[in-house]
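Below is one structure; the comments refer to it alone.
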Amino acid sequence: MYKLYWCPDSGSFAPHVMLEACAVPYERVLIDIRAGDQRKPEFLAVNPMGRVPAMGLPDGSVMTESAAITLYLADRYPEVGLAPAPDESDRAPFLRWLFFMATGIYEADLRYYYADRYTEAAGSAAEVKAVAGRDLDRLWGLLAEALRPGPFLLGERFSALDVYLLMLVSWYDPPETLLQRHSSIARLCDLVRERPAVARLWDEYQRS
């Protein structure tokens with residue numbers, strides 16, 4: 001059985017949705033970030049980075065990194081249709097946009113909201129945040145263009161990419177600002193929130 005270590009408003013959302021969509025048995029373990037659970041020895045033994053998500057696999061090994069877990073589950077259960085097969089033409093753009101989001105937008109989000117972690121120079125966190133904000137504007141613009149004609153990142157084909165994108169949108173503060181700026185992203189988010197696996201988990205992940 002899978003074991004997902006999760007918390008609201010975190011990168012565990014996309015893997016969590018994948019587990020629900022694949023309809024596989026799993027256990028979930030809440031890691032209360034505000035209480036510092038991620039720094040406790042019990043969790044550090046699971047993920048020495050002290051970050052969620054982490055996922056225990058049926059063979060006893062552990063996976064980390066939200067994009068990696070998302071891709072693993074999509075490939076592990078191809079009958080669900082959440083990722084193109086390796087020999088399909090859509091596979092290349094699927095991988096491109098998954099890692100674009102994971103290494104671009106996800107990383108810029110961390111720099112923006114946790115700017116103090118990216119510098120040791122006194123008073124420079126504001127500059128780090130400003131640069132990250134400009135990066136986010138540019139990256140979201142590129143993603144919005146990729147959604148034309150859409151409505152999904154693979155055109156008419158819904159995939160795990162779209163769940164991952166919705167997760168990143170939910171971190172934007174406030175999301176409405178981004179959605180008003182990019183109608184193609186807003187349309188995708190509306191469609192993805194209607195998916196049953198997403199709807200079952202959405203409220204649990206929204207934390208003020």
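Chain lettering (A, B, ...) mirrors the order of the structure tokens, residue numbering begins at 1 for each chain separately, and ligand numbering begins at 1 in order of display.
Neighbouring residues of Leu136 in chain A at 8 Å or closer, counting only C-alpha atoms and skipping chain neighbours under 2 positions away, are Ile105, Ala108, Asp109, Ala132, Gly133, Arg134, Arg138, Leu139 and Trp140 of chain A.
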Keeping N, CA and C atoms, export the residues of the selection given above as a short mmCIF file (atom, residue, chain, number, x, y, z; two decimals), in the first residue's frame.
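part-v4.cif, freshly written:
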```cif
data_model
loop_
_atom_site.label_atom_id
_atom_site.label_comp_id
_atom_site.auth_asym_id
_atom_site.auth_seq_id
_atom_site.Cartn_x
_atom_site.Cartn_y
_atom_site.Cartn_z
N ILE A 105 8.16 27.34 -12.36
CA ILE A 105 7.17 28.03 -11.53
C ILE A 105 7.27 27.60 -10.07
N ALA A 108 10.35 29.21 -8.59
CA ALA A 108 10.19 30.65 -8.42
C ALA A 108 9.22 30.98 -7.30
N ASP A 109 8.20 30.14 -7.12
CA ASP A 109 7.28 30.30 -5.99
C ASP A 109 8.05 30.25 -4.67
N ALA A 132 12.09 37.13 -8.18
CA ALA A 132 11.23 35.95 -8.30
C ALA A 132 9.85 36.34 -8.84
N GLY A 133 9.35 37.48 -8.42
CA GLY A 133 8.05 37.95 -8.90
C GLY A 133 8.08 38.20 -10.40
N ARG A 134 9.18 38.81 -10.88
CA ARG A 134 9.30 39.03 -12.32
C ARG A 134 9.40 37.71 -13.07
N ARG A 138 6.72 36.19 -16.00
CA ARG A 138 7.15 35.72 -17.32
C ARG A 138 6.76 34.26 -17.54
N LEU A 139 6.97 33.41 -16.55
CA LEU A 139 6.68 31.99 -16.69
C LEU A 139 5.19 31.71 -16.83
N TRP A 140 4.38 32.42 -16.03
CA TRP A 140 2.94 32.24 -16.16
C TRP A 140 2.45 32.72 -17.53
#
```
Based on the backbone DSSP call, show me all residues of range 26-156 of chain A assigned alpha helix (DSSP H), as JSON, numbers by chain.
{"A": [41, 42, 43, 44, 66, 67, 68, 69, 70, 71, 72, 73, 74, 75, 76, 91, 92, 93, 94, 95, 96, 97, 98, 99, 100, 106, 107, 108, 109, 110, 111, 112, 113, 125, 126, 127, 128, 129, 130, 131, 132, 133, 134, 135, 136, 137, 138, 139, 140, 141, 142, 143, 144, 145, 146]}
I'd like to know which of A:Ile185, A:Ala92, A:Val24, A:Leu166 is closest to Leu142 in chain A, using only C-alpha atoms.
A:Ile185
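Taking only C-alpha atoms into account, Ser12 in chain A lies nearest to A:Thr70 out of the set A:Ser89, A:Ser170, A:Ser184, A:Thr70.
For His16 in chain A, the list of residues within 9 Å, based on only C-alpha atoms and with local chain neighbours fewer than 4 positions off taken out, reads A:Leu4, A:Trp6, A:Ser12, A:Glu20, A:Ala21, A:Arg28, A:Thr70, A:Ala197, A:Val198, A:Leu201.
Considering only C-alpha atoms, the residue among A:Leu19, A:Leu154, A:Ala186, A:Val131 positioned nearest to Asp90 in chain A is A:Leu154.
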